[in-house]
$ cat my_file19.txt   # compact mmCIF, C-alpha atoms and all ligand atoms
# COMPACT_ATOMS: atom_id res chain seq x y z
CA MET A 1 -55.94 21.69 23.82
CA HIS A 2 -53.94 20.11 21.05
CA VAL A 3 -55.82 17.98 18.54
CA ASP A 4 -53.63 16.11 16.04
CA GLY A 5 -50.89 18.54 16.98
CA ILE A 6 -52.99 21.61 16.25
CA PRO A 7 -53.63 23.99 19.17
CA LEU A 8 -57.31 24.79 19.66
CA LEU A 9 -59.06 27.07 22.12
CA ALA A 10 -61.51 24.57 23.59
CA PHE A 11 -64.99 25.18 24.94
CA ALA A 12 -65.41 21.46 25.19
CA SER A 13 -64.45 20.29 28.65
CA ASN A 14 -66.27 19.64 31.92
CA ASP A 15 -63.24 20.88 33.89
CA TYR A 16 -65.40 23.85 34.88
CA LEU A 17 -63.15 25.20 37.62
CA GLY A 18 -59.90 24.54 35.75
CA LEU A 19 -58.57 22.20 38.44
CA ALA A 20 -57.59 19.20 36.31
CA ASN A 21 -54.05 20.52 35.84
CA HIS A 22 -53.68 22.35 39.12
CA PRO A 23 -50.18 21.91 40.63
CA ASP A 24 -51.60 21.08 44.09
CA LEU A 25 -53.66 18.23 42.69
CA ILE A 26 -50.69 16.97 40.70
CA ALA A 27 -48.45 17.13 43.79
CA ALA A 28 -51.02 15.26 45.91
CA ALA A 29 -51.27 12.60 43.21
CA HIS A 30 -47.48 12.27 42.99
CA ALA A 31 -47.19 11.80 46.75
CA ALA A 32 -49.96 9.19 46.80
CA LEU A 33 -48.40 7.36 43.85
CA ASP A 34 -45.08 7.11 45.67
CA HIS A 35 -46.77 5.87 48.82
CA TYR A 36 -49.54 3.58 47.53
CA GLY A 37 -48.53 2.65 44.00
CA VAL A 38 -50.89 2.67 41.08
CA GLY A 39 -53.73 0.21 41.60
CA ALA A 40 -56.09 -0.64 44.48
CA GLY A 41 -55.46 -4.33 43.88
CA ALA A 42 -58.93 -5.59 44.77
CA SER A 43 -62.52 -4.55 45.20
CA ALA A 44 -63.30 -2.24 48.12
CA LEU A 45 -64.95 -4.92 50.28
CA ILE A 46 -62.07 -7.38 49.82
CA SER A 47 -58.91 -5.30 50.37
CA GLY A 48 -59.13 -2.43 47.87
CA HIS A 49 -60.49 0.22 50.25
CA SER A 50 -57.67 2.64 51.10
CA VAL A 51 -56.97 5.45 53.55
CA PRO A 52 -57.24 8.21 50.90
CA VAL A 53 -60.65 6.92 49.75
CA ALA A 54 -61.84 6.70 53.37
CA GLU A 55 -60.54 10.21 54.06
CA LEU A 56 -62.29 11.51 50.94
CA GLU A 57 -65.59 9.96 52.02
CA LEU A 58 -65.23 11.53 55.47
CA ALA A 59 -64.22 14.93 54.11
CA LEU A 60 -67.17 15.00 51.71
CA ALA A 61 -69.64 13.95 54.42
CA ARG A 62 -68.40 16.56 56.92
CA TRP A 63 -68.33 19.33 54.37
CA LEU A 64 -71.70 18.63 52.76
CA GLY A 65 -73.48 17.69 55.98
CA PHE A 66 -74.25 14.02 55.29
CA GLU A 67 -73.90 11.30 57.92
CA ARG A 68 -71.78 9.33 55.46
CA CYS A 69 -70.66 9.30 51.85
CA LEU A 70 -69.84 6.34 49.65
CA HIS A 71 -67.31 6.68 46.88
CA PHE A 72 -67.89 5.06 43.48
CA SER A 73 -65.39 4.66 40.67
CA THR A 74 -67.49 6.82 38.31
CA GLY A 75 -70.83 8.55 38.15
CA TYR A 76 -72.03 6.00 35.61
CA MET A 77 -71.18 3.17 38.01
CA ALA A 78 -72.82 5.03 40.89
CA ASN A 79 -76.15 5.41 39.12
CA LEU A 80 -76.06 1.86 37.76
CA GLY A 81 -75.45 0.68 41.33
CA ILE A 82 -77.66 2.81 43.52
CA LEU A 83 -80.89 2.81 41.51
CA PRO A 84 -81.29 -0.99 41.37
CA ALA A 85 -80.13 -1.25 45.01
CA LEU A 86 -82.85 1.11 46.22
CA ILE A 87 -85.80 0.91 43.87
CA GLY A 88 -88.08 -2.05 44.50
CA ARG A 89 -89.75 -4.06 41.73
CA ASP A 90 -93.17 -2.82 42.89
CA ALA A 91 -92.12 0.81 42.84
CA ALA A 92 -93.21 3.59 40.52
CA VAL A 93 -90.43 5.73 39.05
CA PHE A 94 -90.83 9.24 37.63
CA SER A 95 -87.95 10.35 35.43
CA ASP A 96 -87.33 13.70 33.69
CA ALA A 97 -87.32 13.30 29.90
CA LEU A 98 -83.83 14.82 29.64
CA ASN A 99 -82.16 12.73 32.33
CA HIS A 100 -78.62 11.52 31.70
CA ALA A 101 -78.07 8.13 30.06
CA CYS A 102 -76.75 6.53 33.25
CA LEU A 103 -79.89 7.42 35.21
CA ILE A 104 -81.93 5.90 32.39
CA ASP A 105 -79.80 2.76 32.44
CA GLY A 106 -79.98 2.58 36.25
CA ILE A 107 -83.77 2.70 36.05
CA ARG A 108 -83.74 0.00 33.36
CA LEU A 109 -81.68 -2.24 35.62
CA ALA A 110 -84.01 -1.59 38.54
CA SER A 111 -86.94 -2.53 36.24
CA PRO A 112 -89.69 -0.99 38.36
CA GLN A 113 -93.30 -1.98 37.80
CA SER A 114 -94.19 1.46 36.53
CA LEU A 115 -92.10 4.13 34.83
CA THR A 116 -93.34 7.61 33.94
CA ILE A 117 -91.10 9.82 31.83
CA TYR A 118 -92.39 13.32 32.49
CA PRO A 119 -91.78 16.23 30.08
CA HIS A 120 -88.60 18.11 30.94
CA GLY A 121 -89.03 20.14 34.14
CA ASP A 122 -92.83 19.89 33.95
CA VAL A 123 -93.83 20.00 37.61
CA GLU A 124 -97.57 20.09 36.89
CA HIS A 125 -97.40 16.99 34.72
CA LEU A 126 -95.41 15.24 37.44
CA GLN A 127 -97.92 16.34 40.08
CA ARG A 128 -100.77 14.77 38.11
CA ALA A 129 -98.84 11.57 37.49
CA LEU A 130 -97.99 11.25 41.19
CA SER A 131 -101.61 11.90 42.19
CA ASN A 132 -102.83 9.13 39.87
CA CYS A 133 -100.23 6.64 41.03
CA PRO A 134 -101.41 3.84 43.34
CA ALA A 135 -97.90 2.48 44.10
CA GLY A 136 -96.78 2.51 47.72
CA GLU A 137 -93.16 3.19 46.76
CA LYS A 138 -92.39 6.19 44.55
CA TRP A 139 -89.12 7.62 43.28
CA ILE A 140 -88.53 10.84 41.40
CA VAL A 141 -85.23 10.81 39.51
CA THR A 142 -83.58 13.90 38.04
CA ASP A 143 -80.38 15.59 36.93
CA ALA A 144 -79.89 18.73 39.05
CA VAL A 145 -78.25 20.52 36.11
CA PHE A 146 -79.05 19.03 32.71
CA SER A 147 -75.95 18.01 30.85
CA MET A 148 -76.95 19.06 27.33
CA ASP A 149 -79.17 22.05 28.21
CA GLY A 150 -77.37 23.60 31.18
CA ASP A 151 -80.62 24.46 32.96
CA MET A 152 -81.47 23.52 36.52
CA ALA A 153 -84.17 21.12 37.66
CA PRO A 154 -86.93 22.75 39.74
CA LEU A 155 -85.55 21.04 42.85
CA PRO A 156 -87.55 22.97 45.49
CA ALA A 157 -90.80 22.07 43.69
CA LEU A 158 -89.67 18.44 43.32
CA VAL A 159 -88.90 18.20 47.03
CA ALA A 160 -92.35 19.65 47.83
CA LEU A 161 -93.96 17.06 45.54
CA ALA A 162 -91.95 14.29 47.17
CA ASP A 163 -93.20 15.44 50.59
CA GLN A 164 -96.76 15.69 49.38
CA HIS A 165 -96.80 12.25 47.75
CA ASP A 166 -94.51 10.38 50.15
CA ALA A 167 -91.92 9.86 47.40
CA MET A 168 -88.12 9.83 47.42
CA LEU A 169 -86.04 12.08 45.17
CA ILE A 170 -82.74 11.00 43.58
CA VAL A 171 -80.64 13.98 42.47
CA ASP A 172 -77.67 13.63 40.11
CA ASP A 173 -75.53 16.75 40.56
CA ALA A 174 -72.76 15.94 38.09
CA HIS A 175 -72.76 19.50 36.72
CA GLY A 176 -73.72 21.45 39.85
CA PHE A 177 -71.19 20.11 42.34
CA GLY A 178 -68.30 22.57 42.66
CA VAL A 179 -70.06 25.17 40.52
CA LEU A 180 -73.25 26.06 42.40
CA GLY A 181 -73.94 26.92 46.03
CA GLU A 182 -71.82 28.37 48.78
CA GLU A 183 -68.24 27.03 48.57
CA GLY A 184 -69.36 25.03 45.53
CA ARG A 185 -71.39 22.63 47.70
CA GLY A 186 -73.69 22.05 44.74
CA SER A 187 -77.33 22.24 43.80
CA LEU A 188 -78.86 21.31 47.18
CA ALA A 189 -76.92 24.15 48.82
CA HIS A 190 -77.84 26.48 45.95
CA HIS A 191 -81.54 25.86 46.65
CA ALA A 192 -81.07 25.60 50.45
CA ILE A 193 -82.59 22.11 50.44
CA HIS A 194 -82.31 19.98 53.59
CA SER A 195 -84.57 17.00 53.22
CA GLY A 196 -84.44 13.41 54.35
CA ARG A 197 -86.25 12.50 51.13
CA VAL A 198 -83.34 13.47 48.90
CA LEU A 199 -80.62 11.11 47.85
CA TYR A 200 -77.65 13.07 46.53
CA MET A 201 -75.12 11.84 44.02
CA ALA A 202 -72.34 13.87 42.37
CA THR A 203 -69.31 13.21 40.24
CA LEU A 204 -65.67 14.09 40.76
CA GLY A 205 -64.64 14.02 37.11
CA LYS A 206 -66.16 17.37 36.16
CA ALA A 207 -65.73 20.52 38.28
CA ALA A 208 -63.54 18.58 40.74
CA GLY A 209 -61.19 17.91 37.82
CA VAL A 210 -60.31 14.31 38.74
CA PHE A 211 -62.36 11.10 38.42
CA GLY A 212 -64.93 9.26 40.50
CA ALA A 213 -68.25 9.95 42.17
CA PHE A 214 -70.00 9.73 45.50
CA VAL A 215 -73.38 9.33 47.13
CA GLY A 216 -74.27 11.13 50.36
CA GLY A 217 -76.89 10.13 52.87
CA SER A 218 -77.80 8.71 56.24
CA TYR A 219 -75.73 6.06 57.99
CA ASP A 220 -78.23 3.32 57.15
CA LEU A 221 -78.69 4.36 53.56
CA ILE A 222 -74.95 4.23 52.89
CA GLU A 223 -74.66 0.92 54.72
CA TRP A 224 -77.42 -0.48 52.49
CA LEU A 225 -75.70 0.80 49.35
CA MET A 226 -72.38 -0.76 50.42
CA GLN A 227 -74.08 -4.13 50.81
CA ARG A 228 -76.36 -3.91 47.77
CA SER A 229 -74.81 -1.80 45.00
CA ARG A 230 -73.37 -4.31 42.60
CA THR A 231 -71.23 -1.67 40.88
CA TYR A 232 -69.63 -0.91 44.25
CA ILE A 233 -69.18 -4.51 45.35
CA PHE A 234 -68.07 -6.23 42.15
CA THR A 235 -65.52 -3.80 40.77
CA THR A 236 -61.92 -2.96 41.55
CA GLY A 237 -61.48 -0.32 44.24
CA THR A 238 -60.58 3.23 43.32
CA PRO A 239 -56.82 3.83 43.02
CA PRO A 240 -55.72 5.80 46.11
CA VAL A 241 -53.96 8.29 43.84
CA LEU A 242 -57.32 9.48 42.49
CA ALA A 243 -58.77 9.95 45.95
CA ALA A 244 -55.68 11.88 47.04
CA ALA A 245 -56.06 14.21 44.06
CA CYS A 246 -59.76 14.63 44.91
CA LEU A 247 -58.91 15.57 48.50
CA ALA A 248 -56.62 18.31 47.20
CA SER A 249 -59.33 19.35 44.78
CA LEU A 250 -61.88 19.75 47.60
CA GLN A 251 -59.65 22.38 49.23
CA HIS A 252 -59.64 24.42 46.04
CA ILE A 253 -63.34 23.94 45.36
CA ARG A 254 -64.06 25.35 48.82
CA GLN A 255 -61.50 28.15 48.91
CA ASP A 256 -61.28 29.37 45.33
CA GLN A 257 -64.44 31.46 45.11
CA PHE A 258 -62.67 33.45 42.37
CA ARG A 259 -63.08 30.47 40.04
CA ARG A 260 -66.87 30.50 40.45
CA ASN A 261 -66.90 34.30 40.12
CA ARG A 262 -64.97 34.03 36.87
CA LEU A 263 -67.39 31.41 35.56
CA SER A 264 -70.41 33.64 36.31
CA GLN A 265 -68.71 36.61 34.69
CA LEU A 266 -67.93 34.60 31.53
CA ALA A 267 -71.47 33.20 31.47
CA ARG A 268 -72.97 36.70 31.57
CA GLN A 269 -70.59 37.88 28.84
CA LEU A 270 -71.51 34.93 26.62
CA GLN A 271 -75.25 35.25 27.22
CA ASP A 272 -75.20 39.02 26.54
CA GLY A 273 -72.98 38.71 23.47
CA ALA A 274 -75.05 35.93 21.92
CA ARG A 275 -78.14 38.15 21.63
CA ASP A 276 -76.82 39.39 18.26
CA LEU A 277 -76.60 35.87 16.83
CA PRO A 278 -79.33 34.42 14.60
CA TRP A 279 -79.50 31.33 16.86
CA ALA A 280 -80.81 31.00 20.40
CA LEU A 281 -78.39 30.48 23.23
CA LEU A 282 -80.37 28.69 25.93
CA PRO A 283 -80.45 30.78 29.11
CA SER A 284 -78.06 29.29 31.65
CA ARG A 285 -76.41 30.22 34.92
CA THR A 286 -74.21 27.15 34.89
CA ALA A 287 -71.08 26.39 32.88
CA ILE A 288 -73.08 24.77 30.04
CA HIS A 289 -74.43 27.05 27.29
CA PRO A 290 -76.08 25.32 24.32
CA LEU A 291 -76.36 27.26 21.08
CA MET A 292 -79.37 25.79 19.31
CA LEU A 293 -78.70 25.34 15.58
CA GLY A 294 -81.47 22.83 14.83
CA ASP A 295 -80.32 20.58 12.03
CA ASN A 296 -77.27 18.35 11.84
CA THR A 297 -75.89 19.92 8.65
CA THR A 298 -75.81 23.42 10.11
CA VAL A 299 -74.25 22.30 13.37
CA MET A 300 -71.50 20.41 11.55
CA ARG A 301 -70.85 23.36 9.23
CA ILE A 302 -70.54 25.84 12.10
CA ALA A 303 -68.42 23.46 14.19
CA LYS A 304 -66.07 23.06 11.21
CA GLY A 305 -65.94 26.83 10.68
CA LEU A 306 -65.02 27.33 14.32
CA GLN A 307 -62.34 24.68 14.08
CA ASP A 308 -60.84 26.45 11.07
CA ARG A 309 -60.60 29.53 13.31
CA GLY A 310 -58.81 27.57 16.05
CA LEU A 311 -61.87 26.92 18.20
CA TRP A 312 -63.21 23.63 19.48
CA VAL A 313 -66.89 23.53 20.40
CA PRO A 314 -68.52 20.09 20.30
CA ALA A 315 -71.45 19.54 17.95
CA ILE A 316 -74.12 17.57 19.81
CA ARG A 317 -76.62 15.72 17.63
CA PRO A 318 -79.45 13.22 18.06
CA PRO A 319 -79.71 10.70 19.67
CA THR A 320 -77.80 12.49 22.44
CA VAL A 321 -80.41 15.27 22.15
CA PRO A 322 -83.97 15.15 20.73
CA PRO A 323 -84.36 15.18 16.90
CA GLY A 324 -84.17 18.67 15.38
CA SER A 325 -82.31 20.11 18.37
CA ALA A 326 -78.70 19.76 17.23
CA ARG A 327 -76.55 22.24 19.05
CA LEU A 328 -73.12 23.50 19.89
CA ARG A 329 -72.49 22.73 23.53
CA ILE A 330 -70.34 25.62 24.72
CA SER A 331 -68.83 24.80 28.08
CA LEU A 332 -67.01 27.44 30.04
CA SER A 333 -64.11 27.01 32.42
CA ALA A 334 -62.65 29.30 35.04
CA LEU A 335 -59.45 29.12 32.97
CA HIS A 336 -61.05 30.97 30.06
CA LEU A 337 -60.35 34.68 29.77
CA PRO A 338 -62.93 37.29 28.74
CA GLN A 339 -61.04 37.72 25.46
CA ASP A 340 -61.51 34.00 24.74
CA VAL A 341 -65.28 34.44 24.92
CA THR A 342 -65.03 37.56 22.75
CA TYR A 343 -63.06 35.58 20.16
CA LEU A 344 -65.70 32.81 20.15
CA LEU A 345 -68.55 35.32 19.79
CA ASP A 346 -66.77 37.12 16.94
CA ALA A 347 -66.16 33.83 15.12
CA LEU A 348 -69.83 32.84 15.49
CA LYS A 349 -70.91 36.22 14.12
CA GLU A 350 -68.65 35.73 11.11
CA LEU A 351 -70.17 32.31 10.44
CA ALA A 352 -73.78 33.36 10.97
C1 LIG B 401 -71.13 12.91 33.29
C2 LIG B 401 -72.38 12.53 33.98
C3 LIG B 401 -72.46 11.34 34.69
C4 LIG B 401 -71.38 10.31 34.66
O1 LIG B 401 -70.34 10.64 35.48
P1 LIG B 401 -68.92 9.95 35.21
O2 LIG B 401 -68.21 10.12 36.51
O3 LIG B 401 -68.31 10.68 34.07
O4 LIG B 401 -69.20 8.51 34.90
C5 LIG B 401 -73.59 11.10 35.43
N1 LIG B 401 -74.63 11.96 35.41
C6 LIG B 401 -74.60 13.09 34.69
C7 LIG B 401 -75.78 14.00 34.73
C8 LIG B 401 -73.49 13.41 33.95
O5 LIG B 401 -73.46 14.51 33.21

$ encode --input "my_file19.txt" --output "structure tokens"
Amino acid sequence: MHVDGIPLLAFASNDYLGLANHPDLIAAAHAALDHYGVGAGASALISGHSVPVAELELALARWLGFERCLHFSTGYMANLGILPALIGRDAAVFSDALNHACLIDGIRLASPQSLTIYPHGDVEHLQRALSNCPAGEKWIVTDAVFSMDGDMAPLPALVALADQHDAMLIVDDAHGFGVLGEEGRGSLAHHAIHSGRVLYMATLGKAAGVFGAFVGGSYDLIEWLMQRSRTYIFTTGTPPVLAAACLASLQHIRQDQFRRNRLSQLARQLQDGARDLPWALLPSRTAIHPLMLGDNTTVMRIAKGLQDRGLWVPAIRPPTVPPGSARLRISLSALHLPQDVTYLLDALKELA
């Protein structure tokens, strides 16, 4: 990337598969631009729903095994729309302490009668809270892969708890879709989860390399969301050009296993190489690898030192992460080469 004209080797993007600049996606976008123009012109339910968006919804549903999918303009809009549309005022909601901001905001908008924020990934705590909960309607809400930690939610255990306590589980797979599971189908495929209790949402702006998001589910669930999600109903429809680029991206997500192989190889190299550093690299099998530096001053000093060496790794500080857990969020892409990771590790060793 170029920042103020200076070329930097970036470990800073969510373009995990390196598809954002792929010529096939660009060609698909060009063709759609020529055919449909730039804007959707209206909200989806008025006249802004287009053939490429409909095709994308169908392609996602067929591929992932949902009855239907509903496309949203972004992941943020999806979560702000679906949580209030589904969660009743009398419901009890159980939310992982490290959930993404848009899940938190979606829960706030839903304003359920009871909200339990359980310690990150703490299944036993959640089990107790569910057992003590008298509400008839219960929702567990979680990131599948946590955006600032790179670890995976214990989804199989969460599904078991949902079964046991007659709860529903909302899974946000922003960082797992495209990266995990066979053909990049995401976190549910990774854990071989098939459950009617799970509501799946993923974004198309990260591994898919484009923009947008979708929710997958039963026919009735999607129908309900179309009629009730205010961020679907009262916003301009997605430009067809974006859906066309996403359709081209799906082909590559499915076919290009070599991109996921490269990511795993780079992840292993980074995890192994970081053992010699004085800081802890959180264990991760995803594209996100946080190097825990602790205080804000250190993280800013190391980030600056890396930048002086031509490297861009974002410094993440509170309130994005809990106090005292400032970190460098190293994100890998299939476009990185092994020598890029070596260069990063060497620079970190110099600065340590
Ligand atoms: C990035 C992210 C989102 C938001 O998706 P956008 O499409 O960028 O709005 C939602 N959830 C999680 C966990 C994310 O990391």

$ closest_atom_pairs --input "my_file19.txt" --of "chain A" --to "ligand LIG 401 (chain B)" --cutoff "10 Å" --atoms "only C-alpha atoms and all ligand atoms" --output "JSON lines"
{"residue": "A:Asn14", "atom": "CA", "partner": "B:LIG401", "partner_atom": "C1", "distance": 8.4}
{"residue": "A:Phe72", "atom": "CA", "partner": "B:LIG401", "partner_atom": "O2", "distance": 8.6}
{"residue": "A:Ser73", "atom": "CA", "partner": "B:LIG401", "partner_atom": "O2", "distance": 7.4}
{"residue": "A:Thr74", "atom": "CA", "partner": "B:LIG401", "partner_atom": "O2", "distance": 3.8}
{"residue": "A:Gly75", "atom": "CA", "partner": "B:LIG401", "partner_atom": "O1", "distance": 3.4}
{"residue": "A:Tyr76", "atom": "CA", "partner": "B:LIG401", "partner_atom": "O4", "distance": 3.8}
{"residue": "A:Met77", "atom": "CA", "partner": "B:LIG401", "partner_atom": "O4", "distance": 6.5}
{"residue": "A:Ala78", "atom": "CA", "partner": "B:LIG401", "partner_atom": "O4", "distance": 7.8}
{"residue": "A:Asn79", "atom": "CA", "partner": "B:LIG401", "partner_atom": "C5", "distance": 7.2}
{"residue": "A:Leu80", "atom": "CA", "partner": "B:LIG401", "partner_atom": "C5", "distance": 9.8}
{"residue": "A:Leu98", "atom": "CA", "partner": "B:LIG401", "partner_atom": "C7", "distance": 9.6}
{"residue": "A:Asn99", "atom": "CA", "partner": "B:LIG401", "partner_atom": "C7", "distance": 6.9}
{"residue": "A:His100", "atom": "CA", "partner": "B:LIG401", "partner_atom": "C7", "distance": 4.8}
{"residue": "A:Ala101", "atom": "CA", "partner": "B:LIG401", "partner_atom": "N1", "distance": 7.4}
{"residue": "A:Cys102", "atom": "CA", "partner": "B:LIG401", "partner_atom": "C5", "distance": 6.0}
{"residue": "A:Leu103", "atom": "CA", "partner": "B:LIG401", "partner_atom": "N1", "distance": 7.0}
{"residue": "A:Ile104", "atom": "CA", "partner": "B:LIG401", "partner_atom": "N1", "distance": 10.0}
{"residue": "A:Thr142", "atom": "CA", "partner": "B:LIG401", "partner_atom": "C7", "distance": 8.5}
{"residue": "A:Asp143", "atom": "CA", "partner": "B:LIG401", "partner_atom": "C7", "distance": 5.3}
{"residue": "A:Ala144", "atom": "CA", "partner": "B:LIG401", "partner_atom": "C7", "distance": 7.6}
{"residue": "A:Val145", "atom": "CA", "partner": "B:LIG401", "partner_atom": "C7", "distance": 7.1}
{"residue": "A:Phe146", "atom": "CA", "partner": "B:LIG401", "partner_atom": "C7", "distance": 6.3}
{"residue": "A:Ser147", "atom": "CA", "partner": "B:LIG401", "partner_atom": "O5", "distance": 4.9}
{"residue": "A:Met148", "atom": "CA", "partner": "B:LIG401", "partner_atom": "O5", "distance": 8.2}
{"residue": "A:Val171", "atom": "CA", "partner": "B:LIG401", "partner_atom": "C7", "distance": 9.1}
{"residue": "A:Asp172", "atom": "CA", "partner": "B:LIG401", "partner_atom": "C7", "distance": 5.7}
{"residue": "A:Asp173", "atom": "CA", "partner": "B:LIG401", "partner_atom": "C7", "distance": 6.5}
{"residue": "A:Ala174", "atom": "CA", "partner": "B:LIG401", "partner_atom": "C6", "distance": 4.8}
{"residue": "A:His175", "atom": "CA", "partner": "B:LIG401", "partner_atom": "O5", "distance": 6.1}
{"residue": "A:Gly176", "atom": "CA", "partner": "B:LIG401", "partner_atom": "C7", "distance": 9.3}
{"residue": "A:Met201", "atom": "CA", "partner": "B:LIG401", "partner_atom": "N1", "distance": 8.6}
{"residue": "A:Ala202", "atom": "CA", "partner": "B:LIG401", "partner_atom": "N1", "distance": 7.6}
{"residue": "A:Thr203", "atom": "CA", "partner": "B:LIG401", "partner_atom": "O2", "distance": 5.0}
{"residue": "A:Leu204", "atom": "CA", "partner": "B:LIG401", "partner_atom": "O2", "distance": 6.3}
{"residue": "A:Gly205", "atom": "CA", "partner": "B:LIG401", "partner_atom": "O2", "distance": 5.3}
{"residue": "A:Lys206", "atom": "CA", "partner": "B:LIG401", "partner_atom": "C1", "distance": 7.3}
{"residue": "A:Val210", "atom": "CA", "partner": "B:LIG401", "partner_atom": "O2", "distance": 9.2}
{"residue": "A:Phe211", "atom": "CA", "partner": "B:LIG401", "partner_atom": "O2", "distance": 6.2}
{"residue": "A:Gly212", "atom": "CA", "partner": "B:LIG401", "partner_atom": "O2", "distance": 5.2}
{"residue": "A:Ala213", "atom": "CA", "partner": "B:LIG401", "partner_atom": "O2", "distance": 5.7}
{"residue": "A:Phe214", "atom": "CA", "partner": "B:LIG401", "partner_atom": "O2", "distance": 9.2}

$ atom_distance --input "my_file19.txt" --atom1 "atom CA of Arg228 of chain A" --atom2 "atom CA of Leu45 of chain A"
11.7 Å

$ residues_around --input "my_file19.txt" --residues "Ala167 of chain A" --least-positions-apart "2" --cutoff "8 Å" --atoms "only C-alpha atoms" --output "PDB file with C-alpha atoms, in the frame of the given file"
ATOM      1  CA  GLU A 137     -93.160   3.190  46.760  1.00  0.00           C
ATOM      2  CA  LYS A 138     -92.390   6.190  44.550  1.00  0.00           C
ATOM      3  CA  TRP A 139     -89.120   7.620  43.280  1.00  0.00           C
ATOM      4  CA  ILE A 140     -88.530  10.840  41.400  1.00  0.00           C
ATOM      5  CA  LEU A 161     -93.960  17.060  45.540  1.00  0.00           C
ATOM      6  CA  ALA A 162     -91.950  14.290  47.170  1.00  0.00           C
ATOM      7  CA  ASP A 163     -93.200  15.440  50.590  1.00  0.00           C
ATOM      8  CA  GLN A 164     -96.760  15.690  49.380  1.00  0.00           C
ATOM      9  CA  HIS A 165     -96.800  12.250  47.750  1.00  0.00           C
ATOM     10  CA  LEU A 169     -86.040  12.080  45.170  1.00  0.00           C
ATOM     11  CA  ARG A 197     -86.250  12.500  51.130  1.00  0.00           C
TER      12      ARG A 197
END

$ residues_around --input "my_file19.txt" --residues "Ser114 of chain A" --least-positions-apart "6" --cutoff "8 Å" --atoms "all atoms listed in the file" --output "list in words"
Asp90, Ala91, Ala92 and Val93 of chain A

$ closest_residue --input "my_file19.txt" --among "A:Gly310, A:Gly237, A:Gly18, A:Pro7" --to "Val53 of chain A" --atoms "all atoms listed in the file"
A:Gly237

$ atom_distance --input "my_file19.txt" --atom1 "atom CA of Ser218 of chain A" --atom2 "atom CA of Pro84 of chain A"
18.1 Å

$ residues_around --input "my_file19.txt" --residues "Asp96 of chain A" --least-positions-apart "5" --cutoff "6 Å" --atoms "only C-alpha atoms" --output "list in words"
Ile117, Tyr118, His120 and Thr142 of chain A

$ closest_residue --input "my_file19.txt" --among "A:Ser43, A:Ala248, A:Asp122, A:Arg89" --to "Ala59 of chain A" --atoms "all atoms listed in the file"
A:Ala248

$ residues_around --input "my_file19.txt" --residues "Ile6 of chain A" --least-positions-apart "4" --cutoff "12 Å" --atoms "all atoms listed in the file" --output "list of chain:residue names"
A:Met1, A:His2, A:Ala10, A:Gln307, A:Asp308, A:Arg309, A:Gly310, A:Leu311, A:Trp312

$ decode --input "my_file19.txt" --residues "segment 334-342 of chain A" --atoms "N, CA, C and O atoms" --output "mmCIF file, in the first residue's frame"
data_model
loop_
_atom_site.group_PDB
_atom_site.id
_atom_site.type_symbol
_atom_site.label_atom_id
_atom_site.label_comp_id
_atom_site.auth_asym_id
_atom_site.auth_seq_id
_atom_site.Cartn_x
_atom_site.Cartn_y
_atom_site.Cartn_z
ATOM 1 N N ALA A 334 -3.433 -13.847 1.571
ATOM 2 C CA ALA A 334 -2.865 -14.837 0.657
ATOM 3 C C ALA A 334 -1.890 -14.191 -0.321
ATOM 4 O O ALA A 334 -1.128 -14.892 -0.994
ATOM 5 N N LEU A 335 -1.893 -12.858 -0.402
ATOM 6 C CA LEU A 335 -0.939 -12.186 -1.301
ATOM 7 C C LEU A 335 0.423 -11.975 -0.656
ATOM 8 O O LEU A 335 1.380 -11.604 -1.326
ATOM 9 N N HIS A 336 0.524 -12.181 0.658
ATOM 10 C CA HIS A 336 1.844 -12.086 1.283
ATOM 11 C C HIS A 336 2.711 -13.255 0.845
ATOM 12 O O HIS A 336 2.212 -14.351 0.554
ATOM 13 N N LEU A 337 4.012 -13.030 0.830
ATOM 14 C CA LEU A 337 4.973 -14.088 0.541
ATOM 15 C C LEU A 337 5.668 -14.464 1.846
ATOM 16 O O LEU A 337 5.733 -13.645 2.772
ATOM 17 N N PRO A 338 6.217 -15.682 1.918
ATOM 18 C CA PRO A 338 6.931 -16.075 3.135
ATOM 19 C C PRO A 338 8.027 -15.065 3.503
ATOM 20 O O PRO A 338 8.219 -14.767 4.690
ATOM 21 N N GLN A 339 8.681 -14.488 2.503
ATOM 22 C CA GLN A 339 9.738 -13.519 2.835
ATOM 23 C C GLN A 339 9.176 -12.230 3.453
ATOM 24 O O GLN A 339 9.876 -11.541 4.183
ATOM 25 N N ASP A 340 7.906 -11.925 3.177
ATOM 26 C CA ASP A 340 7.280 -10.758 3.813
ATOM 27 C C ASP A 340 7.147 -10.992 5.318
ATOM 28 O O ASP A 340 7.397 -10.093 6.127
ATOM 29 N N VAL A 341 6.728 -12.212 5.676
ATOM 30 C CA VAL A 341 6.574 -12.546 7.095
ATOM 31 C C VAL A 341 7.949 -12.563 7.766
ATOM 32 O O VAL A 341 8.109 -12.083 8.896
ATOM 33 N N THR A 342 8.947 -13.093 7.070
ATOM 34 C CA THR A 342 10.314 -13.090 7.609
ATOM 35 C C THR A 342 10.768 -11.653 7.880
ATOM 36 O O THR A 342 11.338 -11.352 8.934
#
